[in-house]
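Asks: So that you have it, the file is final29.txt, and it contains compact mmCIF, C-alpha atoms (C1' of nucleotides):
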# COMPACT_ATOMS: atom_id res chain seq x y z
CA MET A 16 -26.16 -22.85 -124.68
CA LYS A 17 -29.87 -23.60 -124.82
CA ALA A 18 -31.18 -26.38 -122.62
CA HIS A 19 -33.88 -27.80 -124.88
CA GLU A 20 -32.42 -27.71 -128.36
CA GLY A 21 -31.30 -31.28 -128.79
CA ARG A 22 -33.51 -34.26 -129.53
CA MET A 23 -32.97 -37.53 -127.74
CA THR A 24 -32.83 -39.85 -130.69
CA ARG A 25 -32.43 -43.56 -130.32
CA GLN A 26 -28.89 -43.29 -131.70
CA ARG A 27 -27.88 -40.53 -129.29
CA PHE A 28 -29.33 -42.45 -126.36
CA VAL A 29 -27.50 -45.67 -127.16
CA VAL A 30 -24.19 -43.90 -127.80
CA LEU A 31 -24.42 -42.24 -124.39
CA GLU A 32 -25.64 -45.34 -122.59
CA GLU A 33 -22.92 -47.60 -123.99
CA LEU A 34 -20.20 -45.08 -123.31
CA ARG A 35 -21.39 -44.79 -119.71
CA LYS A 36 -21.28 -48.58 -119.26
CA ILE A 37 -17.56 -48.84 -119.79
CA ASP A 38 -14.62 -47.24 -118.08
CA THR A 39 -12.20 -47.75 -120.92
CA HIS A 40 -11.90 -44.61 -122.96
CA PRO A 41 -12.88 -45.73 -126.39
CA THR A 42 -12.14 -44.16 -129.72
CA ALA A 43 -15.15 -43.27 -131.88
CA ASP A 44 -14.52 -46.40 -133.87
CA GLU A 45 -14.43 -48.68 -130.84
CA LEU A 46 -17.68 -47.22 -129.57
CA TYR A 47 -19.17 -47.59 -133.04
CA ALA A 48 -18.44 -51.32 -132.91
CA ILE A 49 -20.19 -51.61 -129.55
CA VAL A 50 -23.20 -49.51 -130.49
CA ARG A 51 -23.66 -51.43 -133.72
CA LYS A 52 -24.60 -54.53 -131.77
CA ARG A 53 -27.77 -52.73 -130.73
CA LEU A 54 -28.25 -50.49 -133.76
CA PRO A 55 -26.77 -52.34 -136.74
CA ARG A 56 -27.62 -49.59 -139.20
CA ILE A 57 -26.08 -46.67 -137.31
CA SER A 58 -23.30 -44.92 -139.20
CA LEU A 59 -19.88 -43.94 -137.95
CA GLY A 60 -20.67 -40.34 -138.88
CA THR A 61 -23.65 -40.39 -136.53
CA VAL A 62 -21.47 -41.69 -133.72
CA TYR A 63 -19.03 -38.83 -134.31
CA ARG A 64 -21.82 -36.25 -134.48
CA ASN A 65 -23.39 -37.48 -131.27
CA LEU A 66 -20.10 -37.60 -129.42
CA GLU A 67 -19.45 -34.03 -130.51
CA TYR A 68 -22.93 -33.00 -129.37
CA LEU A 69 -22.61 -34.74 -126.00
CA VAL A 70 -19.26 -33.08 -125.37
CA ALA A 71 -20.77 -29.69 -126.26
CA VAL A 72 -23.62 -30.07 -123.77
CA GLY A 73 -21.25 -31.36 -121.09
CA GLU A 74 -22.59 -34.90 -120.77
CA ILE A 75 -19.28 -36.52 -121.63
CA SER A 76 -15.74 -35.37 -122.24
CA ARG A 77 -13.17 -35.66 -124.96
CA LEU A 78 -9.74 -36.63 -123.68
CA GLU A 79 -7.07 -34.05 -124.36
CA SER A 80 -4.46 -36.74 -124.71
CA ALA A 81 -1.87 -37.41 -127.30
CA GLY A 82 -2.43 -40.16 -129.81
CA SER A 83 -3.71 -40.53 -133.31
CA SER A 84 -7.39 -40.91 -132.45
CA MET A 85 -9.73 -38.99 -130.19
CA ARG A 86 -10.88 -40.80 -127.08
CA PHE A 87 -13.99 -40.20 -125.05
CA ASP A 88 -14.90 -40.41 -121.40
CA GLY A 89 -18.47 -41.14 -120.31
CA THR A 90 -18.18 -38.86 -117.32
CA ALA A 91 -17.50 -35.18 -117.04
CA SER A 92 -15.73 -35.59 -113.69
CA LYS A 93 -12.19 -34.33 -113.30
CA HIS A 94 -9.51 -36.98 -113.08
CA GLN A 95 -6.19 -37.81 -114.64
CA HIS A 96 -5.18 -40.48 -117.13
CA VAL A 97 -2.35 -42.90 -117.80
CA ARG A 98 -1.69 -43.69 -121.42
CA CYS A 99 0.13 -46.75 -122.63
CA VAL A 100 3.02 -45.50 -124.76
CA ARG A 101 2.89 -48.66 -126.86
CA CYS A 102 -0.79 -49.23 -127.62
CA GLY A 103 -2.51 -45.98 -126.60
CA ARG A 104 -4.82 -47.62 -124.05
CA ILE A 105 -5.96 -45.16 -121.41
CA ALA A 106 -6.86 -45.80 -117.78
CA ASP A 107 -8.16 -43.56 -115.04
CA PHE A 108 -5.77 -42.38 -112.41
CA VAL A 109 -6.59 -40.70 -109.16
CA TYR A 110 -4.12 -37.93 -108.60
CA SER A 111 -4.59 -34.51 -107.09
CA LEU A 112 -2.87 -31.89 -109.14
CA VAL A 113 -1.64 -29.04 -106.98
CA VAL A 114 -1.10 -25.89 -108.98
CA PRO A 115 -1.16 -22.20 -108.13
CA PRO A 116 -4.48 -20.51 -108.97
CA LEU A 117 -4.58 -20.63 -112.77
CA ARG A 118 -5.86 -17.09 -113.18
CA GLU A 119 -2.76 -15.74 -111.47
CA MET A 120 -0.29 -17.48 -113.73
CA LYS A 121 1.45 -15.29 -116.28
CA VAL A 122 2.82 -16.57 -119.55
CA GLU A 123 4.15 -14.34 -122.26
CA GLY A 124 1.92 -14.40 -125.31
CA PHE A 125 -1.04 -15.79 -123.41
CA ASP A 126 -3.89 -13.80 -121.96
CA GLU A 127 -5.19 -16.37 -119.54
CA ILE A 128 -4.67 -19.91 -118.40
CA VAL A 129 -7.93 -21.77 -118.04
CA ASP A 130 -7.07 -25.36 -117.22
CA ALA A 131 -4.29 -27.78 -116.42
CA ARG A 132 -3.89 -31.52 -116.37
CA VAL A 133 -1.28 -34.14 -115.67
CA GLU A 134 -0.85 -36.96 -118.08
CA PHE A 135 1.09 -40.09 -117.20
CA ASP A 136 2.84 -42.38 -119.62
CA GLY A 137 3.17 -46.04 -118.83
CA VAL A 138 3.32 -49.51 -120.23
CA CYS A 139 0.12 -51.49 -119.80
CA SER A 140 0.19 -55.08 -118.57
CA GLN A 141 -0.75 -56.49 -121.96
CA CYS A 142 2.00 -54.66 -123.81
CA ALA A 143 4.56 -55.50 -121.10
CA LEU A 144 4.08 -59.20 -121.90
CA GLN A 145 4.97 -58.85 -125.53
CA THR A 146 8.53 -59.22 -126.70
CA VAL A 147 9.60 -56.03 -128.40
CA MET B 21 25.26 -36.09 -133.27
CA LYS B 22 26.05 -39.73 -132.69
CA ALA B 23 28.33 -41.64 -134.99
CA HIS B 24 26.19 -44.37 -136.51
CA GLU B 25 24.37 -45.34 -139.69
CA GLY B 26 22.49 -42.09 -140.21
CA ARG B 27 23.68 -39.76 -142.95
CA MET B 28 23.72 -36.01 -142.49
CA THR B 29 22.01 -34.99 -145.68
CA ARG B 30 21.46 -31.39 -146.60
CA GLN B 31 17.73 -31.85 -145.98
CA ARG B 32 18.22 -33.34 -142.54
CA PHE B 33 20.67 -30.60 -141.61
CA VAL B 34 18.36 -27.78 -142.64
CA VAL B 35 15.32 -29.32 -140.95
CA LEU B 36 17.26 -29.55 -137.69
CA GLU B 37 18.86 -26.12 -138.02
CA GLU B 38 15.61 -24.33 -138.76
CA LEU B 39 13.75 -26.11 -135.98
CA ARG B 40 16.49 -25.09 -133.54
CA LYS B 41 16.22 -21.45 -134.60
CA ILE B 42 12.69 -21.02 -133.44
CA ASP B 43 11.01 -21.52 -130.11
CA THR B 44 7.52 -21.92 -131.46
CA HIS B 45 6.65 -25.57 -131.73
CA PRO B 46 5.82 -25.97 -135.36
CA THR B 47 3.80 -28.65 -137.05
CA ALA B 48 5.54 -30.60 -139.81
CA ASP B 49 3.75 -28.44 -142.33
CA GLU B 50 4.82 -25.17 -140.77
CA LEU B 51 8.43 -26.33 -140.67
CA TYR B 52 8.12 -27.47 -144.28
CA ALA B 53 7.16 -23.92 -145.28
CA ILE B 54 10.22 -22.53 -143.50
CA VAL B 55 12.67 -25.10 -144.82
CA ARG B 56 11.39 -24.65 -148.35
CA LYS B 57 12.79 -21.15 -148.42
CA ARG B 58 16.25 -22.70 -148.34
CA LEU B 59 15.52 -25.96 -150.13
CA PRO B 60 12.67 -25.25 -152.55
CA ARG B 61 12.55 -28.82 -153.84
CA ILE B 62 12.35 -30.62 -150.51
CA SER B 63 9.23 -32.69 -150.06
CA LEU B 64 6.88 -32.78 -147.12
CA GLY B 65 7.49 -36.51 -146.84
CA THR B 66 11.19 -35.86 -146.34
CA VAL B 67 10.42 -33.37 -143.58
CA TYR B 68 8.28 -35.99 -141.85
CA ARG B 69 10.90 -38.68 -142.27
CA ASN B 70 13.65 -36.48 -140.89
CA LEU B 71 11.60 -35.32 -137.94
CA GLU B 72 10.87 -38.95 -137.14
CA TYR B 73 14.55 -39.80 -137.41
CA LEU B 74 15.66 -36.87 -135.25
CA VAL B 75 13.16 -37.81 -132.56
CA ALA B 76 14.41 -41.40 -132.67
CA VAL B 77 18.03 -40.40 -132.11
CA GLY B 78 17.06 -37.94 -129.37
CA GLU B 79 18.04 -34.72 -131.11
CA ILE B 80 14.55 -33.23 -130.90
CA SER B 81 11.26 -34.14 -129.32
CA ARG B 82 7.72 -34.65 -130.42
CA LEU B 83 5.18 -32.94 -128.22
CA GLU B 84 2.76 -35.30 -126.54
CA SER B 85 0.07 -32.68 -126.64
CA ALA B 86 -3.49 -32.75 -127.72
CA GLY B 87 -4.43 -31.27 -131.06
CA SER B 88 -4.97 -32.45 -134.59
CA SER B 89 -1.36 -32.20 -135.74
CA MET B 90 1.94 -33.30 -134.28
CA ARG B 91 4.22 -30.55 -133.05
CA PHE B 92 7.97 -30.63 -132.63
CA ASP B 93 10.43 -29.10 -130.21
CA GLY B 94 14.00 -28.37 -131.26
CA THR B 95 15.34 -29.27 -127.86
CA ALA B 96 15.21 -32.45 -125.85
CA SER B 97 15.07 -30.54 -122.56
CA LYS B 98 12.25 -31.17 -120.16
CA HIS B 99 9.73 -28.38 -119.77
CA GLN B 100 6.00 -27.89 -119.83
CA HIS B 101 3.73 -26.31 -122.42
CA VAL B 102 0.68 -24.09 -122.64
CA ARG B 103 -1.63 -24.74 -125.54
CA CYS B 104 -4.10 -22.24 -126.90
CA VAL B 105 -7.50 -23.92 -126.81
CA ARG B 106 -8.64 -21.91 -129.80
CA CYS B 107 -5.79 -22.06 -132.30
CA GLY B 108 -3.48 -24.78 -130.97
CA ARG B 109 -0.45 -22.51 -130.63
CA ILE B 110 2.01 -23.83 -128.05
CA ALA B 111 4.39 -21.90 -125.82
CA ASP B 112 7.01 -22.98 -123.32
CA PHE B 113 6.20 -22.80 -119.70
CA VAL B 114 8.55 -23.12 -116.78
CA TYR B 115 6.87 -25.16 -114.13
CA SER B 116 8.28 -27.75 -111.78
CA LEU B 117 6.07 -30.77 -111.60
CA VAL B 118 6.25 -32.39 -108.21
CA VAL B 119 5.21 -36.02 -108.32
CA PRO B 120 6.03 -39.06 -106.23
CA PRO B 121 8.75 -41.25 -107.75
CA LEU B 122 7.13 -42.65 -110.87
CA ARG B 123 8.42 -46.18 -110.40
CA GLU B 124 6.60 -46.45 -107.12
CA MET B 125 3.21 -45.50 -108.48
CA LYS B 126 0.74 -48.33 -108.86
CA VAL B 127 -2.08 -48.30 -111.37
CA GLU B 128 -4.27 -51.29 -112.06
CA GLY B 129 -3.69 -52.67 -115.51
CA PHE B 130 -0.34 -50.94 -115.88
CA ASP B 131 3.05 -52.48 -115.23
CA GLU B 132 5.03 -49.30 -114.91
CA ILE B 133 4.73 -45.56 -115.14
CA VAL B 134 7.59 -44.04 -117.07
CA ASP B 135 6.83 -40.36 -117.44
CA ALA B 136 4.49 -37.56 -116.48
CA ARG B 137 3.80 -34.06 -117.72
CA VAL B 138 1.52 -31.14 -117.02
CA GLU B 139 -0.21 -29.46 -119.88
CA PHE B 140 -1.83 -26.08 -119.50
CA ASP B 141 -4.72 -24.76 -121.55
CA GLY B 142 -5.02 -21.08 -122.22
CA VAL B 143 -6.11 -18.44 -124.65
CA CYS B 144 -3.28 -16.79 -126.54
CA SER B 145 -3.12 -13.02 -126.96
CA GLN B 146 -3.96 -13.16 -130.64
CA CYS B 147 -7.08 -15.30 -130.15
CA ALA B 148 -8.18 -13.21 -127.16
CA LEU B 149 -8.52 -10.19 -129.47
CA GLN B 150 -10.95 -11.86 -131.81
CA THR B 151 -14.67 -11.66 -131.23
CA VAL B 152 -16.09 -15.14 -130.77
C1' DG C 3 -45.74 -29.80 -139.60
C1' DT C 4 -40.95 -28.77 -139.48
C1' DA C 5 -36.42 -28.67 -138.27
C1' DA C 6 -33.03 -31.64 -136.06
C1' DT C 7 -31.02 -35.79 -137.13
C1' DT C 8 -29.87 -39.77 -139.82
C1' DG C 9 -27.35 -43.03 -143.34
C1' DC C 10 -24.50 -42.91 -146.98
C1' DA C 11 -20.80 -41.55 -149.58
C1' DA C 12 -17.59 -38.38 -150.76
C1' DA C 13 -14.37 -34.97 -149.24
C1' DG C 14 -10.75 -33.26 -146.11
C1' DC C 15 -6.49 -33.38 -143.60
C1' DA C 16 -2.37 -35.11 -141.59
C1' DT C 17 0.70 -38.64 -142.04
C1' DT C 18 2.83 -42.73 -144.16
C1' DT C 19 4.63 -45.48 -147.83
C1' DG C 20 6.30 -47.64 -152.49
C1' DC C 21 9.41 -46.81 -155.91
C1' DA C 22 13.01 -45.48 -159.01
C1' DG C 23 16.55 -42.20 -159.04
C1' DT C 24 20.27 -39.56 -156.21
C1' DA C 25 23.98 -38.73 -153.14
C1' DA C 26 26.59 -39.43 -148.58
C1' DG C 27 30.40 -41.73 -146.74
C1' DC D 30 30.65 -48.55 -154.58
C1' DT D 31 26.76 -49.24 -151.46
C1' DT D 32 22.72 -48.28 -149.59
C1' DA D 33 20.54 -44.55 -146.91
C1' DC D 34 17.96 -41.04 -148.45
C1' DT D 35 15.19 -38.22 -151.66
C1' DG D 36 11.11 -36.39 -154.52
C1' DC D 37 6.95 -37.68 -156.09
C1' DA D 38 2.57 -39.49 -155.91
C1' DA D 39 -0.53 -42.56 -154.34
C1' DA D 40 -2.36 -44.71 -150.20
C1' DT D 41 -3.89 -44.69 -145.50
C1' DG D 42 -6.42 -43.57 -141.33
C1' DC D 43 -9.28 -40.65 -138.81
C1' DT D 44 -12.76 -37.12 -138.91
C1' DT D 45 -15.99 -34.03 -141.13
C1' DT D 46 -19.54 -32.77 -144.38
C1' DG D 47 -23.33 -32.42 -148.19
C1' DC D 48 -27.60 -34.16 -149.17
C1' DA D 49 -32.05 -36.36 -149.49
C1' DA D 50 -34.78 -39.16 -146.49
C1' DT D 51 -36.36 -39.87 -141.80
C1' DT D 52 -38.02 -38.92 -137.20
C1' DA D 53 -38.61 -36.51 -132.65
C1' DC D 54 -41.42 -33.40 -130.60
How does this structure look as structure tokens?

Replies:
Amino acid sequence: MKAHEGRMTRQRFVVLEELRKIDTHPTADELYAIVRKRLPRISLGTVYRNLEYLVAVGEISRLESAGSSMRFDGTASKHQHVRCVRCGRIADFVYSLVVPPLREMKVEGFDEIVDARVEFDGVCSQCALQTV
Amino acid sequence: MKAHEGRMTRQRFVVLEELRKIDTHPTADELYAIVRKRLPRISLGTVYRNLEYLVAVGEISRLESAGSSMRFDGTASKHQHVRCVRCGRIADFVYSLVVPPLREMKVEGFDEIVDARVEFDGVCSQCALQTV
DNA sequence: GTAATTGCAAAGCATTTGCAGTAAG
DNA sequence: CTTACTGCAAATGCTTTGCAATTAC
């Protein structure tokens, strides 16, 4: 991956800056709403393209969580997540995952194991209040 | 299967039977292709509706994995999965997850933690062969 | 100057839903 | 008989893409 390919456009800068400001893990659409306050004419497609770019260059990460929409994390640091089973909200969770060295694990049909993560399911405070 | 309002239609029966035959974790569309060999006139919507029903009554489970499509598991037994980062293929993985009692875990903004799982990322044998 | 990037709109997928007809119990 | 369920098709929701205009460098 080349280091000097990308251009730091105003849109890319604001997308990154706003994502870094918050520790929720917004969907593209949620971030679009935030970014639009500063750049009213930005398009949702541009938000998606910049998120994709920033993931590719390792500035941010895409959460590998279940749910109908992709969620993004302004950091590239390794940590776990709790997901609300009712509303999909995601929060950070400090938890050390102890696994055998991944390269030594053998699974039939797989050549190599490259990563592992724990995901927690919970009920967030807001959803817990609602009668179901 | 429980004795309650649900009706065991031919479509529901075949969807369940075919899903139980295989240990891959098909998407709704993949299962649709299989079921169609026995019931050529079944609709994809019916496959979706029956999968949803079977998950609701606890006969099967929906994988809480990342990826663009939902995947289903013919069993309700607890085990972990490896997902191919290139093609999305999922395989079973026997791995005991050791975590503190979930009810005792405290996360800010969450009332309770109800479940946890490990997901492994790998490269499946088929994808490993291809030049990238 | 020129190629990466943008806004817009349309296309692509996976999934859900409304409806009138069908079939399970 | 009753009403859950079906096939069909249209709708929905999220994400990607084609294109001409714009902009970073």

Asks: Between A:Asp88, A:Asp38, A:Asp44, A:Glu127, which is the closest to chain B once you count all atoms listed in the file?

Replies: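 Among A:Asp88, A:Asp38, A:Asp44, A:Glu127, it is A:Glu127 that comes nearest to chain B.
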
Asks: Please return, as a PyMOL selection string, all residues of chain A lying within 9 Å of chain B when only C-alpha atoms are considered.

Replies: chain A and resi 78-83+97+99+106-108+113+122-143

Asks: Residues within 12 Å of DG20 (chain C), please, as a list in words. Count all atoms listed in the file; anything in the same chain fewer than 5 positions from it doesn't count.

Replies: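 Near neighbours after the sequence-gap exclusion: DC37, DA38, DA39 and DA40 of chain D.
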
Asks: Chain A least-squares fit onto chain B, all C-alpha atoms in order: RMSD in Å?

Replies: 1.3 Å

Asks: Restrict the calculation to only C-alpha atoms (C1' of nucleotides), then for each residue of chain C with any atom at most 10 Å from an atom of chain B give the closest atom pair and their distance in Å to one decimal, rows by chain and rising residue number, as JSON lines.

Replies:
{"residue": "C:DC15", "atom": "C1'", "partner": "B:Ser88", "partner_atom": "CA", "distance": 9.2}
{"residue": "C:DA16", "atom": "C1'", "partner": "B:Ser89", "partner_atom": "CA", "distance": 6.6}
{"residue": "C:DT17", "atom": "C1'", "partner": "B:Tyr68", "partner_atom": "CA", "distance": 8.0}
{"residue": "C:DT18", "atom": "C1'", "partner": "B:Gly65", "partner_atom": "CA", "distance": 8.2}
{"residue": "C:DT19", "atom": "C1'", "partner": "B:Gly65", "partner_atom": "CA", "distance": 9.5}
{"residue": "C:DA25", "atom": "C1'", "partner": "B:Thr29", "partner_atom": "CA", "distance": 8.6}
{"residue": "C:DA26", "atom": "C1'", "partner": "B:Arg27", "partner_atom": "CA", "distance": 6.3}
{"residue": "C:DG27", "atom": "C1'", "partner": "B:Arg27", "partner_atom": "CA", "distance": 8.0}

Asks: What are the closest atom pairs, with distances in Å to one decimal, for each residue of chain D lying within 12 Å of chain A, using all atoms listed in the file, rows by chain and rising residue number, as a Markdown table?

Replies:
| residue | atom | partner | partner_atom | distance |
| --- | --- | --- | --- | --- |
| D:DG42 | C1' | A:Ser83 | CA | 9.0 |
| D:DC43 | C1' | A:Ser84 | CA | 6.6 |
| D:DT44 | C1' | A:Tyr63 | CA | 8.0 |
| D:DT45 | C1' | A:Gly60 | CA | 8.2 |
| D:DT46 | C1' | A:Gly60 | CA | 9.4 |
| D:DT51 | C1' | A:Thr24 | CA | 11.7 |
| D:DT52 | C1' | A:Thr24 | CA | 8.4 |
| D:DA53 | C1' | A:Arg22 | CA | 6.4 |
| D:DC54 | C1' | A:Arg22 | CA | 8.0 |

Asks: Could you please determine the separation between CA of Leu69 (chain A) and CA of Leu31 (chain A) in Å, to one decimal place?

Replies: 7.9 Å

Asks: Which residue is closest to DT7 (chain C)? Choose from A:Gln145, A:Tyr47, A:Val62, A:Glu33 and count all atoms listed in the file.

Replies: A:Val62

Asks: One decimal, in Å: what's the spacing between CA of Lys57 (chain B) and C1' of DA33 (chain D)?

Replies: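 If I compute the distance from CA of Lys57 (chain B) to C1' of DA33 (chain D), I get 24.7 Å.
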